[in-house]
Amino acid sequence: MNEKNIEKLELACIKTDELFSELIQGLKKKKFKSEKQIQKFILNEIKKKNCSPSFPPICASGKNGANPHAKPASKLNKGFMVLDFGCAFKGIKADMTRTIYLGKPSALEKKLYNKVLFVQKKLISEAKHGKKASDLYKKMFSLLGDLAFACPHGLGHGVSTKIHDKPSLKRKSKDILKENDTITIEPGIYFPKFFGIRIEDTILIQRKGNKILTKSPKKLIVISFK
């Protein structure tokens with residue numbers, strides 16, 4: 001990605017982070033009664049920020065979150081809630097996922113969340129110029145260990161004017177990360193009829209290391225729910 005488009009992406013990510021903060025405040029104030037309301041809120045706020053949606057936002061709570069491409073439901077469910085959205089600024093698309101919790105998580109649920117977070121942070125640290133995309137994907141499965149069966153999708157993808165661009169971070173990918181690539185890192189685990197957990201950031205590959213462009217908190221956010 002060229003320098004001008006990187007600047008646009010950085011602004012898109014800033015606006016995405018702002019929206020996440022506004023969404024969490026709305027949840028804490030009990031403004032939303034359904035996933036559909038949350039999706040509508042996200043779309044309205046993106047428009048207010050003079051942006052367009054990078055893709056149809058995903059808001060999936062409880063067992064709905066077990067579907068990586070869930071459609072928003074007419075109610076909110078207790079448990080993990082996957083929020084996947086992004087602002088597109090002048091055609092350049094950001095992408096971020098955060099998973100929060102409605103209610104009180106069990107010790108096992110906290111452990112599973114922290115496992116996904118550990119894997120995501122580790123893989124971000126290893127996403128560097130010259131790294132094989134397929135090696136990062138394989139490392140995800142190694143780090144997930146006995147939870148690897150629960151991840152049905154790739155580790156991430158390039159972002160630009162397209163929400164899914166090269167490089168592709170999948171097992172059979174031939175892509176090699178290079179300076180100024182803009183990609184996502186998004187490990188996730190899904191348990192049908194129960195819940196899903198996914199954590200995703202947009203990052204910029206640099207000559208030495210990388211820069212995380214989406215900066216919203218990743219410590220598990222817990223919101224009271226009845």
# chains A, B, ... in the order shown; residues from 1 in each chain; ligands from 1
>>> residues_around(residues="Ser34 in chain A", least_positions_apart="2", cutoff="10 Å", atoms="only C-alpha atoms", output="list in words")
Lys31, Phe32, Lys36, Gln37, Ile38, Gln39, Cys59, Ala60, Ser61, Pro72, Ala73, Ser74, Lys75, Leu76 and Asn77 of chain A
>>> write_last_selection(atoms="C-alpha atoms", output="PDB file, in the first residue's frame")
ATOM      1  CA  LYS A  31     -29.289   1.504  24.998  1.00  0.00           C
ATOM      2  CA  PHE A  32     -29.586  -1.661  22.941  1.00  0.00           C
ATOM      3  CA  LYS A  36     -30.029  -5.565  14.965  1.00  0.00           C
ATOM      4  CA  GLN A  37     -30.137  -2.322  16.981  1.00  0.00           C
ATOM      5  CA  ILE A  38     -26.382  -2.529  17.486  1.00  0.00           C
ATOM      6  CA  GLN A  39     -25.784  -3.105  13.797  1.00  0.00           C
ATOM      7  CA  CYS A  59     -22.909  -8.370  15.968  1.00  0.00           C
ATOM      8  CA  ALA A  60     -23.425 -11.879  17.334  1.00  0.00           C
ATOM      9  CA  SER A  61     -24.119 -12.761  20.964  1.00  0.00           C
ATOM     10  CA  PRO A  72     -27.754  -9.994  13.606  1.00  0.00           C
ATOM     11  CA  ALA A  73     -30.654 -11.353  15.635  1.00  0.00           C
ATOM     12  CA  SER A  74     -33.714  -9.616  17.086  1.00  0.00           C
ATOM     13  CA  LYS A  75     -32.454  -9.975  20.659  1.00  0.00           C
ATOM     14  CA  LEU A  76     -29.301  -9.981  22.752  1.00  0.00           C
ATOM     15  CA  ASN A  77     -28.124 -13.155  24.454  1.00  0.00           C
TER      16      ASN A  77
END
>>> residues_around(residues="Lys131 in chain A", least_positions_apart="6", cutoff="10 Å", atoms="only C-alpha atoms", output="ChimeraX atom specification")
/A:175-178
>>> residues_around(residues="Leu102 in chain A", least_positions_apart="6", cutoff="12 Å", atoms="only C-alpha atoms", output="mmCIF file with N, CA and C atoms, in the first residue's frame")
data_model
loop_
_atom_site.group_PDB
_atom_site.id
_atom_site.type_symbol
_atom_site.label_atom_id
_atom_site.label_comp_id
_atom_site.auth_asym_id
_atom_site.auth_seq_id
_atom_site.Cartn_x
_atom_site.Cartn_y
_atom_site.Cartn_z
ATOM 1 N N ILE A 24 -19.434 0.678 23.282
ATOM 2 C CA ILE A 24 -19.329 0.135 24.642
ATOM 3 C C ILE A 24 -20.071 1.024 25.632
ATOM 4 N N LEU A 27 -23.695 0.266 25.336
ATOM 5 C CA LEU A 27 -24.033 -1.018 25.969
ATOM 6 C C LEU A 27 -24.100 -0.882 27.487
ATOM 7 N N LYS A 28 -23.167 -0.146 28.044
ATOM 8 C CA LYS A 28 -23.166 0.050 29.496
ATOM 9 C C LYS A 28 -24.397 0.817 29.964
ATOM 10 N N LYS A 30 -27.273 0.510 28.587
ATOM 11 C CA LYS A 30 -28.441 -0.331 28.230
ATOM 12 C C LYS A 30 -29.269 0.288 27.093
ATOM 13 N N ALA A 60 -22.912 -10.528 17.089
ATOM 14 C CA ALA A 60 -23.425 -11.879 17.334
ATOM 15 C C ALA A 60 -23.172 -12.276 18.777
ATOM 16 N N SER A 61 -24.239 -12.428 19.542
ATOM 17 C CA SER A 61 -24.119 -12.761 20.964
ATOM 18 C C SER A 61 -24.553 -14.195 21.236
ATOM 19 N N GLY A 62 -24.029 -14.742 22.347
ATOM 20 C CA GLY A 62 -24.405 -16.101 22.727
ATOM 21 C C GLY A 62 -24.114 -17.097 21.614
ATOM 22 N N LEU A 76 -30.644 -9.777 22.235
ATOM 23 C CA LEU A 76 -29.301 -9.981 22.752
ATOM 24 C C LEU A 76 -29.313 -11.202 23.660
ATOM 25 N N ASN A 77 -28.239 -11.970 23.616
ATOM 26 C CA ASN A 77 -28.124 -13.155 24.454
ATOM 27 C C ASN A 77 -26.974 -13.018 25.433
ATOM 28 N N LYS A 78 -27.131 -13.596 26.604
ATOM 29 C CA LYS A 78 -26.062 -13.617 27.590
ATOM 30 C C LYS A 78 -24.850 -14.349 27.018
ATOM 31 N N GLY A 79 -23.683 -13.919 27.422
ATOM 32 C CA GLY A 79 -22.454 -14.603 27.030
ATOM 33 C C GLY A 79 -21.566 -13.744 26.152
ATOM 34 N N PHE A 80 -20.654 -14.391 25.457
ATOM 35 C CA PHE A 80 -19.749 -13.669 24.565
ATOM 36 C C PHE A 80 -20.530 -13.008 23.427
ATOM 37 N N MET A 81 -20.080 -11.816 23.047
ATOM 38 C CA MET A 81 -20.652 -11.142 21.893
ATOM 39 C C MET A 81 -19.521 -10.693 20.974
ATOM 40 N N VAL A 82 -19.563 -11.191 19.737
ATOM 41 C CA VAL A 82 -18.557 -10.858 18.737
ATOM 42 C C VAL A 82 -18.999 -9.611 17.971
ATOM 43 N N GLU A 109 -14.665 -19.727 30.659
ATOM 44 C CA GLU A 109 -14.848 -18.756 29.577
ATOM 45 C C GLU A 109 -13.723 -17.725 29.576
ATOM 46 N N PHE A 195 -21.014 -20.627 21.718
ATOM 47 C CA PHE A 195 -20.486 -19.271 21.564
ATOM 48 C C PHE A 195 -19.282 -19.276 20.630
ATOM 49 N N LEU A 220 -10.705 -8.461 28.324
ATOM 50 C CA LEU A 220 -12.127 -8.798 28.223
ATOM 51 C C LEU A 220 -12.998 -7.758 28.917
ATOM 52 N N ILE A 221 -13.886 -7.137 28.158
ATOM 53 C CA ILE A 221 -14.842 -6.184 28.691
ATOM 54 C C ILE A 221 -16.111 -6.936 29.103
ATOM 55 N N VAL A 222 -16.504 -6.768 30.350
ATOM 56 C CA VAL A 222 -17.672 -7.470 30.899
ATOM 57 C C VAL A 222 -18.749 -6.429 31.209
ATOM 58 N N ILE A 223 -19.939 -6.645 30.675
ATOM 59 C CA ILE A 223 -21.052 -5.718 30.851
ATOM 60 C C ILE A 223 -22.220 -6.450 31.497
ATOM 61 N N SER A 224 -22.796 -5.864 32.532
ATOM 62 C CA SER A 224 -23.923 -6.505 33.229
ATOM 63 C C SER A 224 -25.072 -6.744 32.275
ATOM 64 N N PHE A 225 -25.760 -7.866 32.491
ATOM 65 C CA PHE A 225 -26.839 -8.240 31.567
ATOM 66 C C PHE A 225 -27.850 -9.106 32.302
ATOM 67 N N LYS A 226 -29.126 -8.765 32.071
ATOM 68 C CA LYS A 226 -30.219 -9.545 32.696
ATOM 69 C C LYS A 226 -31.192 -9.996 31.624
#
>>> residues_around(residues="Ser134 in chain A", least_positions_apart="3", cutoff="9 Å", atoms="only C-alpha atoms", output="VMD selection string")
chain A and resid 131 137 to 139 168 to 176
>>> select_by_dssp(residues="range 43-223 of chain A", states="alpha helix (DSSP H)", output="ChimeraX atom specification")
/A:43-48,107-126,133-144
>>> residues_around(residues="Phe89 in chain A", least_positions_apart="3", cutoff="12 Å", atoms="only C-alpha atoms", output="PyMOL selection string")
chain A and resi 4-16+46-47+49-54+86+92-95+160-161
>>> residues_around(residues="Leu155 in chain A", least_positions_apart="2", cutoff="12 Å", atoms="only C-alpha atoms", output="number ranges by chain")
A: 116, 119-120, 123-124, 127, 133-141, 144, 148, 151-153, 157-158, 167-173, 183-189, 198-201
>>> select_by_dssp(residues="chain A", states="strand (DSSP E or B)", output="PyMOL selection string")
chain A and resi 52-53+58-61+79-85+87-89+92-93+96-102+132+156-158+165-169+176+182-185+188-191+195-198+200-205+210-212+222-223
>>> closest_residue(among="A:Gly103, A:Pro192, A:Gly26, A:Gly156", to="Ala70 in chain A", atoms="only C-alpha atoms")
A:Pro192
>>> residues_around(residues="range 83-85 of chain A", least_positions_apart="6", cutoff="7 Å", atoms="only C-alpha atoms", output="VMD selection string")
chain A and resid 55 57 to 60 95 to 99
